[in-house]
Amino acid sequence: MAKILIPTPLRQYVDKKNAVEVGGSTIGELLTGLTTEYAELRRHLFNDEGKLRSFVNVYLNDEDIRYLSKDATPVKDGDTVSIVPSIAGGTRRGASDIK
Amino acid sequence: MIKIEQAAWDVMVSHAESTFPNECCGAMLGTVDGDEKLVRVAAPIKNAFTGAQGARYEIGPEDLLAADAAARKEGMDLVGIFHSHPDCDAYFSETDLKNSCPWYSFVVLSIQKGKFHHANSFLPDPDQTRADKEELQYPR
């Protein structure tokens, strides 16, 4: 089993836990297992095409899975998986600015 | 509603003023009880945007991961993100909306001529199509 750390705003979808233990041999299997058990979480992590949303980064221990084997990255017992959001912005004005 | 304690607020304002005329950014750590968020600690994070930083900011995922780890270690949660708008109002721009994960509270500090002017907090919707203002309480 590996441990998936749940970001604060998403804990409402996993019975308020800050971490969930999930079985699986790859990152893809872990995330599928997580979002099968906690179905409400799925739309926050994946888009309609079933791909991770663009602002969601996944880290295995301290490494970004994009630089490992992405969804096929192997996971072993005791590993820690983190869901890390992308954050960026700026003052450039657009039509949908909220004042 | 998001409430920011004095010590955290002082750090946020100081960081935003000292990085003027560039944008600054950071993490807000504290506690969450339903819709009530209390910010106890503000952690400045290096602006990782590689271009001109006067109108853009970016937080490196590793830095956010470290902030989250620090919060967990202290029994707190990562409850939000703050950044500054130099010589601009504290609105939530289209750039903010389209480039940020919408899970958190986003506090924007307006820094006018190097000094804090006002602030607002926003809650983007999950599809990043809009962001509602959130009640913000900070020391005045």
# chains A, B, ... in the order shown; residues from 1 in each chain; ligands from 1
$ residues_around --residues "Gly33 of chain A" --least-positions-apart "4" --cutoff "7 Å" --atoms "only C-alpha atoms" --output "list in words"
Val22, Glu29 and Glu37 of chain A
$ write_last_selection --atoms "N, CA, C and O atoms" --output "PDB file, in the first residue's frame"
ATOM      1  N   VAL A  22      -3.720   3.428  -0.452  1.00  0.00           N
ATOM      2  CA  VAL A  22      -4.305   2.798  -1.635  1.00  0.00           C
ATOM      3  C   VAL A  22      -3.338   1.742  -2.173  1.00  0.00           C
ATOM      4  O   VAL A  22      -2.121   1.946  -2.163  1.00  0.00           O
ATOM      5  N   GLU A  29      -2.600   3.174 -11.397  1.00  0.00           N
ATOM      6  CA  GLU A  29      -3.474   2.263 -10.643  1.00  0.00           C
ATOM      7  C   GLU A  29      -3.889   2.890  -9.307  1.00  0.00           C
ATOM      8  O   GLU A  29      -5.038   2.751  -8.876  1.00  0.00           O
ATOM      9  N   GLU A  37     -12.802   4.580  -5.227  1.00  0.00           N
ATOM     10  CA  GLU A  37     -13.307   4.532  -3.845  1.00  0.00           C
ATOM     11  C   GLU A  37     -13.976   5.849  -3.453  1.00  0.00           C
ATOM     12  O   GLU A  37     -14.968   5.851  -2.734  1.00  0.00           O
TER      13      GLU A  37
END
$ closest_atom_pairs --of "chain A" --to "chain B" --cutoff "12 Å" --atoms "only C-alpha atoms" --output "JSON lines"
{"residue": "A:Leu5", "atom": "CA", "partner": "B:Asp68", "partner_atom": "CA", "distance": 9.8}
{"residue": "A:Ile6", "atom": "CA", "partner": "B:Asp68", "partner_atom": "CA", "distance": 10.2}
{"residue": "A:Pro7", "atom": "CA", "partner": "B:Leu78", "partner_atom": "CA", "distance": 7.6}
{"residue": "A:Thr8", "atom": "CA", "partner": "B:Asp77", "partner_atom": "CA", "distance": 6.2}
{"residue": "A:Pro9", "atom": "CA", "partner": "B:Trp103", "partner_atom": "CA", "distance": 5.8}
{"residue": "A:Leu10", "atom": "CA", "partner": "B:Trp103", "partner_atom": "CA", "distance": 7.7}
{"residue": "A:Arg11", "atom": "CA", "partner": "B:Val32", "partner_atom": "CA", "distance": 10.7}
{"residue": "A:Gln12", "atom": "CA", "partner": "B:Gly34", "partner_atom": "CA", "distance": 9.1}
{"residue": "A:Lys16", "atom": "CA", "partner": "B:Gly34", "partner_atom": "CA", "distance": 10.7}
{"residue": "A:Asn18", "atom": "CA", "partner": "B:Arg72", "partner_atom": "CA", "distance": 9.1}
{"residue": "A:Ala19", "atom": "CA", "partner": "B:Arg72", "partner_atom": "CA", "distance": 10.8}
{"residue": "A:Leu41", "atom": "CA", "partner": "B:Pro126", "partner_atom": "CA", "distance": 11.5}
{"residue": "A:Arg42", "atom": "CA", "partner": "B:Pro126", "partner_atom": "CA", "distance": 11.8}
{"residue": "A:Arg43", "atom": "CA", "partner": "B:Pro126", "partner_atom": "CA", "distance": 8.6}
{"residue": "A:His44", "atom": "CA", "partner": "B:Pro126", "partner_atom": "CA", "distance": 7.0}
{"residue": "A:Leu45", "atom": "CA", "partner": "B:Pro126", "partner_atom": "CA", "distance": 10.1}
{"residue": "A:Phe46", "atom": "CA", "partner": "B:Pro126", "partner_atom": "CA", "distance": 11.2}
{"residue": "A:Asn47", "atom": "CA", "partner": "B:Asp127", "partner_atom": "CA", "distance": 9.5}
{"residue": "A:Asp48", "atom": "CA", "partner": "B:Asp127", "partner_atom": "CA", "distance": 11.2}
{"residue": "A:Arg53", "atom": "CA", "partner": "B:Cys101", "partner_atom": "CA", "distance": 9.2}
{"residue": "A:Ser54", "atom": "CA", "partner": "B:Cys101", "partner_atom": "CA", "distance": 8.6}
{"residue": "A:Phe55", "atom": "CA", "partner": "B:Cys101", "partner_atom": "CA", "distance": 5.4}
{"residue": "A:Val56", "atom": "CA", "partner": "B:Cys101", "partner_atom": "CA", "distance": 7.4}
{"residue": "A:Asn57", "atom": "CA", "partner": "B:Pro61", "partner_atom": "CA", "distance": 7.6}
{"residue": "A:Val58", "atom": "CA", "partner": "B:Pro61", "partner_atom": "CA", "distance": 9.5}
{"residue": "A:Tyr59", "atom": "CA", "partner": "B:Leu65", "partner_atom": "CA", "distance": 8.9}
{"residue": "A:Leu60", "atom": "CA", "partner": "B:Leu65", "partner_atom": "CA", "distance": 11.4}
{"residue": "A:Asn61", "atom": "CA", "partner": "B:Leu65", "partner_atom": "CA", "distance": 10.3}
{"residue": "A:Asp62", "atom": "CA", "partner": "B:Glu62", "partner_atom": "CA", "distance": 8.0}
{"residue": "A:Glu63", "atom": "CA", "partner": "B:Glu62", "partner_atom": "CA", "distance": 8.8}
{"residue": "A:Asp64", "atom": "CA", "partner": "B:Glu62", "partner_atom": "CA", "distance": 8.7}
{"residue": "A:Thr80", "atom": "CA", "partner": "B:Ala69", "partner_atom": "CA", "distance": 11.9}
{"residue": "A:Val81", "atom": "CA", "partner": "B:Leu65", "partner_atom": "CA", "distance": 11.0}
{"residue": "A:Ser82", "atom": "CA", "partner": "B:Leu65", "partner_atom": "CA", "distance": 7.8}
{"residue": "A:Ile83", "atom": "CA", "partner": "B:Leu65", "partner_atom": "CA", "distance": 8.6}
{"residue": "A:Val84", "atom": "CA", "partner": "B:Pro61", "partner_atom": "CA", "distance": 6.2}
{"residue": "A:Pro85", "atom": "CA", "partner": "B:Cys101", "partner_atom": "CA", "distance": 5.6}
{"residue": "A:Ser86", "atom": "CA", "partner": "B:Cys101", "partner_atom": "CA", "distance": 5.7}
{"residue": "A:Ile87", "atom": "CA", "partner": "B:Ser100", "partner_atom": "CA", "distance": 4.3}
{"residue": "A:Ala88", "atom": "CA", "partner": "B:Glu58", "partner_atom": "CA", "distance": 4.1}
{"residue": "A:Gly89", "atom": "CA", "partner": "B:Asp96", "partner_atom": "CA", "distance": 3.9}
{"residue": "A:Gly90", "atom": "CA", "partner": "B:Arg56", "partner_atom": "CA", "distance": 4.0}
{"residue": "A:Thr91", "atom": "CA", "partner": "B:Ala55", "partner_atom": "CA", "distance": 5.0}
{"residue": "A:Arg92", "atom": "CA", "partner": "B:Thr95", "partner_atom": "CA", "distance": 6.3}
{"residue": "A:Arg93", "atom": "CA", "partner": "B:Ser93", "partner_atom": "CA", "distance": 5.7}
{"residue": "A:Gly94", "atom": "CA", "partner": "B:Glu94", "partner_atom": "CA", "distance": 5.2}
{"residue": "A:Ala95", "atom": "CA", "partner": "B:Glu94", "partner_atom": "CA", "distance": 7.2}
{"residue": "A:Ser96", "atom": "CA", "partner": "B:Glu94", "partner_atom": "CA", "distance": 5.7}
{"residue": "A:Asp97", "atom": "CA", "partner": "B:Ser93", "partner_atom": "CA", "distance": 4.5}
{"residue": "A:Ile98", "atom": "CA", "partner": "B:Phe92", "partner_atom": "CA", "distance": 5.1}
{"residue": "A:Lys99", "atom": "CA", "partner": "B:Tyr91", "partner_atom": "CA", "distance": 4.6}
$ atom_distance --atom1 "atom CA of Val20 of chain A" --atom2 "atom CA of Lys3 of chain A"
5.7 Å
$ closest_residue --among "A:Leu34, A:Ala72, A:Leu52, A:Ile65" --to "Val14 of chain A" --atoms "only C-alpha atoms"
A:Leu34
$ select_by_dssp --residues "chain A" --states "strand (DSSP E or B)" --output "PyMOL selection string"
chain A and resi 2-5+19-22+26+46+52+56-60+63-64+74+80-85+87-90+98
$ write_last_selection --atoms "C-alpha atoms" --output "PDB file, in the first residue's frame"
ATOM      1  CA  ALA A   2       1.139   3.529  -0.749  1.00  0.00           C
ATOM      2  CA  LYS A   3      -0.012   6.684   0.981  1.00  0.00           C
ATOM      3  CA  ILE A   4      -1.639   9.476  -1.016  1.00  0.00           C
ATOM      4  CA  LEU A   5      -1.553  12.861   0.720  1.00  0.00           C
ATOM      5  CA  ALA A  19      -4.084  10.880   3.659  1.00  0.00           C
ATOM      6  CA  VAL A  20      -5.468   7.710   2.109  1.00  0.00           C
ATOM      7  CA  GLU A  21      -3.747   4.330   1.795  1.00  0.00           C
ATOM      8  CA  VAL A  22      -4.305   2.798  -1.635  1.00  0.00           C
ATOM      9  CA  THR A  26       1.739   2.119 -10.593  1.00  0.00           C
ATOM     10  CA  PHE A  46      -9.382  14.384 -14.077  1.00  0.00           C
ATOM     11  CA  LEU A  52      -5.218  14.589 -15.182  1.00  0.00           C
ATOM     12  CA  VAL A  56      -2.649  18.854 -11.179  1.00  0.00           C
ATOM     13  CA  ASN A  57       0.899  17.639 -10.612  1.00  0.00           C
ATOM     14  CA  VAL A  58       1.627  14.288  -9.011  1.00  0.00           C
ATOM     15  CA  TYR A  59       4.774  13.612  -7.017  1.00  0.00           C
ATOM     16  CA  LEU A  60       6.115  10.223  -5.986  1.00  0.00           C
ATOM     17  CA  GLU A  63       9.838  13.539  -7.648  1.00  0.00           C
ATOM     18  CA  ASP A  64       7.441  14.784 -10.302  1.00  0.00           C
ATOM     19  CA  PRO A  74       6.084   2.028 -10.399  1.00  0.00           C
ATOM     20  CA  THR A  80       4.167   8.630  -0.507  1.00  0.00           C
ATOM     21  CA  VAL A  81       2.245  10.244  -3.355  1.00  0.00           C
ATOM     22  CA  SER A  82       1.449  13.957  -3.273  1.00  0.00           C
ATOM     23  CA  ILE A  83      -1.096  15.860  -5.344  1.00  0.00           C
ATOM     24  CA  VAL A  84       0.393  19.293  -5.967  1.00  0.00           C
ATOM     25  CA  PRO A  85      -1.553  22.019  -7.764  1.00  0.00           C
ATOM     26  CA  ILE A  87      -0.400  28.049  -9.180  1.00  0.00           C
ATOM     27  CA  ALA A  88       0.320  31.081 -11.355  1.00  0.00           C
ATOM     28  CA  GLY A  89      -1.295  34.354 -12.325  1.00  0.00           C
ATOM     29  CA  GLY A  90      -0.813  38.029 -12.720  1.00  0.00           C
ATOM     30  CA  ILE A  98     -13.531  39.748 -11.351  1.00  0.00           C
TER      31      ILE A  98
END
$ select_by_dssp --residues "segment 13-138 of chain B" --states "alpha helix (DSSP H)" --output "PyMOL selection string"
chain B and resi 13-18+61-73+94-99
$ decode --residues "segment 50-74 of chain B" --atoms "N, CA, C and O atoms" --output "PDB file, in the first residue's frame"
ATOM      1  N   THR B  50       9.522  33.106 -15.068  1.00  0.00           N
ATOM      2  CA  THR B  50      10.835  33.347 -15.669  1.00  0.00           C
ATOM      3  C   THR B  50      10.915  34.636 -16.484  1.00  0.00           C
ATOM      4  O   THR B  50      12.002  35.069 -16.847  1.00  0.00           O
ATOM      5  N   GLY B  51       9.785  35.268 -16.775  1.00  0.00           N
ATOM      6  CA  GLY B  51       9.811  36.538 -17.505  1.00  0.00           C
ATOM      7  C   GLY B  51       9.744  37.714 -16.542  1.00  0.00           C
ATOM      8  O   GLY B  51      10.101  37.600 -15.370  1.00  0.00           O
ATOM      9  N   ALA B  52       9.283  38.858 -17.057  1.00  0.00           N
ATOM     10  CA  ALA B  52       9.130  40.043 -16.219  1.00  0.00           C
ATOM     11  C   ALA B  52       8.096  39.768 -15.135  1.00  0.00           C
ATOM     12  O   ALA B  52       6.996  39.299 -15.417  1.00  0.00           O
ATOM     13  N   GLN B  53       8.462  40.064 -13.889  1.00  0.00           N
ATOM     14  CA  GLN B  53       7.605  39.701 -12.760  1.00  0.00           C
ATOM     15  C   GLN B  53       6.718  40.854 -12.288  1.00  0.00           C
ATOM     16  O   GLN B  53       6.062  40.750 -11.265  1.00  0.00           O
ATOM     17  N   GLY B  54       6.702  41.959 -13.051  1.00  0.00           N
ATOM     18  CA  GLY B  54       5.860  43.078 -12.660  1.00  0.00           C
ATOM     19  C   GLY B  54       4.382  42.794 -12.825  1.00  0.00           C
ATOM     20  O   GLY B  54       3.539  43.425 -12.185  1.00  0.00           O
ATOM     21  N   ALA B  55       4.055  41.826 -13.682  1.00  0.00           N
ATOM     22  CA  ALA B  55       2.643  41.529 -13.930  1.00  0.00           C
ATOM     23  C   ALA B  55       2.371  40.030 -13.936  1.00  0.00           C
ATOM     24  O   ALA B  55       1.309  39.601 -14.396  1.00  0.00           O
ATOM     25  N   ARG B  56       3.303  39.248 -13.468  1.00  0.00           N
ATOM     26  CA  ARG B  56       3.093  37.793 -13.454  1.00  0.00           C
ATOM     27  C   ARG B  56       3.768  37.166 -12.236  1.00  0.00           C
ATOM     28  O   ARG B  56       4.773  37.667 -11.738  1.00  0.00           O
ATOM     29  N   TYR B  57       3.176  36.061 -11.787  1.00  0.00           N
ATOM     30  CA  TYR B  57       3.843  35.266 -10.755  1.00  0.00           C
ATOM     31  C   TYR B  57       3.589  33.796 -11.036  1.00  0.00           C
ATOM     32  O   TYR B  57       2.652  33.425 -11.762  1.00  0.00           O
ATOM     33  N   GLU B  58       4.440  32.969 -10.460  1.00  0.00           N
ATOM     34  CA  GLU B  58       4.281  31.524 -10.563  1.00  0.00           C
ATOM     35  C   GLU B  58       4.905  30.892  -9.331  1.00  0.00           C
ATOM     36  O   GLU B  58       5.959  31.327  -8.872  1.00  0.00           O
ATOM     37  N   ILE B  59       4.233  29.874  -8.811  1.00  0.00           N
ATOM     38  CA  ILE B  59       4.769  29.143  -7.660  1.00  0.00           C
ATOM     39  C   ILE B  59       5.246  27.782  -8.135  1.00  0.00           C
ATOM     40  O   ILE B  59       4.482  27.033  -8.759  1.00  0.00           O
ATOM     41  N   GLY B  60       6.507  27.471  -7.889  1.00  0.00           N
ATOM     42  CA  GLY B  60       7.039  26.171  -8.275  1.00  0.00           C
ATOM     43  C   GLY B  60       6.373  25.062  -7.469  1.00  0.00           C
ATOM     44  O   GLY B  60       6.177  25.205  -6.257  1.00  0.00           O
ATOM     45  N   PRO B  61       5.976  23.973  -8.112  1.00  0.00           N
ATOM     46  CA  PRO B  61       5.302  22.883  -7.386  1.00  0.00           C
ATOM     47  C   PRO B  61       6.114  22.360  -6.203  1.00  0.00           C
ATOM     48  O   PRO B  61       5.539  22.043  -5.158  1.00  0.00           O
ATOM     49  N   GLU B  62       7.429  22.324  -6.355  1.00  0.00           N
ATOM     50  CA  GLU B  62       8.256  21.843  -5.238  1.00  0.00           C
ATOM     51  C   GLU B  62       8.131  22.776  -4.030  1.00  0.00           C
ATOM     52  O   GLU B  62       8.129  22.327  -2.887  1.00  0.00           O
ATOM     53  N   ASP B  63       8.045  24.081  -4.310  1.00  0.00           N
ATOM     54  CA  ASP B  63       7.898  25.035  -3.204  1.00  0.00           C
ATOM     55  C   ASP B  63       6.547  24.878  -2.514  1.00  0.00           C
ATOM     56  O   ASP B  63       6.436  25.005  -1.290  1.00  0.00           O
ATOM     57  N   LEU B  64       5.520  24.585  -3.306  1.00  0.00           N
ATOM     58  CA  LEU B  64       4.194  24.391  -2.713  1.00  0.00           C
ATOM     59  C   LEU B  64       4.150  23.075  -1.928  1.00  0.00           C
ATOM     60  O   LEU B  64       3.536  22.998  -0.857  1.00  0.00           O
ATOM     61  N   LEU B  65       4.832  22.072  -2.462  1.00  0.00           N
ATOM     62  CA  LEU B  65       4.926  20.787  -1.762  1.00  0.00           C
ATOM     63  C   LEU B  65       5.611  20.981  -0.405  1.00  0.00           C
ATOM     64  O   LEU B  65       5.174  20.439   0.617  1.00  0.00           O
ATOM     65  N   ALA B  66       6.654  21.795  -0.387  1.00  0.00           N
ATOM     66  CA  ALA B  66       7.377  22.066   0.859  1.00  0.00           C
ATOM     67  C   ALA B  66       6.492  22.829   1.848  1.00  0.00           C
ATOM     68  O   ALA B  66       6.506  22.555   3.057  1.00  0.00           O
ATOM     69  N   ALA B  67       5.706  23.769   1.331  1.00  0.00           N
ATOM     70  CA  ALA B  67       4.806  24.534   2.203  1.00  0.00           C
ATOM     71  C   ALA B  67       3.742  23.618   2.808  1.00  0.00           C
ATOM     72  O   ALA B  67       3.404  23.733   3.989  1.00  0.00           O
ATOM     73  N   ASP B  68       3.230  22.709   1.995  1.00  0.00           N
ATOM     74  CA  ASP B  68       2.225  21.761   2.482  1.00  0.00           C
ATOM     75  C   ASP B  68       2.826  20.843   3.542  1.00  0.00           C
ATOM     76  O   ASP B  68       2.202  20.561   4.569  1.00  0.00           O
ATOM     77  N   ALA B  69       4.065  20.412   3.302  1.00  0.00           N
ATOM     78  CA  ALA B  69       4.744  19.542   4.278  1.00  0.00           C
ATOM     79  C   ALA B  69       4.966  20.284   5.588  1.00  0.00           C
ATOM     80  O   ALA B  69       4.790  19.714   6.677  1.00  0.00           O
ATOM     81  N   ALA B  70       5.351  21.560   5.485  1.00  0.00           N
ATOM     82  CA  ALA B  70       5.569  22.363   6.689  1.00  0.00           C
ATOM     83  C   ALA B  70       4.271  22.517   7.474  1.00  0.00           C
ATOM     84  O   ALA B  70       4.250  22.429   8.708  1.00  0.00           O
ATOM     85  N   ALA B  71       3.186  22.728   6.749  1.00  0.00           N
ATOM     86  CA  ALA B  71       1.885  22.871   7.409  1.00  0.00           C
ATOM     87  C   ALA B  71       1.513  21.583   8.137  1.00  0.00           C
ATOM     88  O   ALA B  71       1.105  21.610   9.310  1.00  0.00           O
ATOM     89  N   ARG B  72       1.658  20.466   7.455  1.00  0.00           N
ATOM     90  CA  ARG B  72       1.310  19.173   8.075  1.00  0.00           C
ATOM     91  C   ARG B  72       2.148  18.925   9.326  1.00  0.00           C
ATOM     92  O   ARG B  72       1.650  18.415  10.333  1.00  0.00           O
ATOM     93  N   LYS B  73       3.435  19.279   9.235  1.00  0.00           N
ATOM     94  CA  LYS B  73       4.342  19.057  10.368  1.00  0.00           C
ATOM     95  C   LYS B  73       3.887  19.846  11.602  1.00  0.00           C
ATOM     96  O   LYS B  73       4.050  19.404  12.732  1.00  0.00           O
ATOM     97  N   GLU B  74       3.312  21.020  11.355  1.00  0.00           N
ATOM     98  CA  GLU B  74       2.882  21.876  12.466  1.00  0.00           C
ATOM     99  C   GLU B  74       1.412  21.658  12.821  1.00  0.00           C
ATOM    100  O   GLU B  74       0.839  22.429  13.595  1.00  0.00           O
TER     101      GLU B  74
END
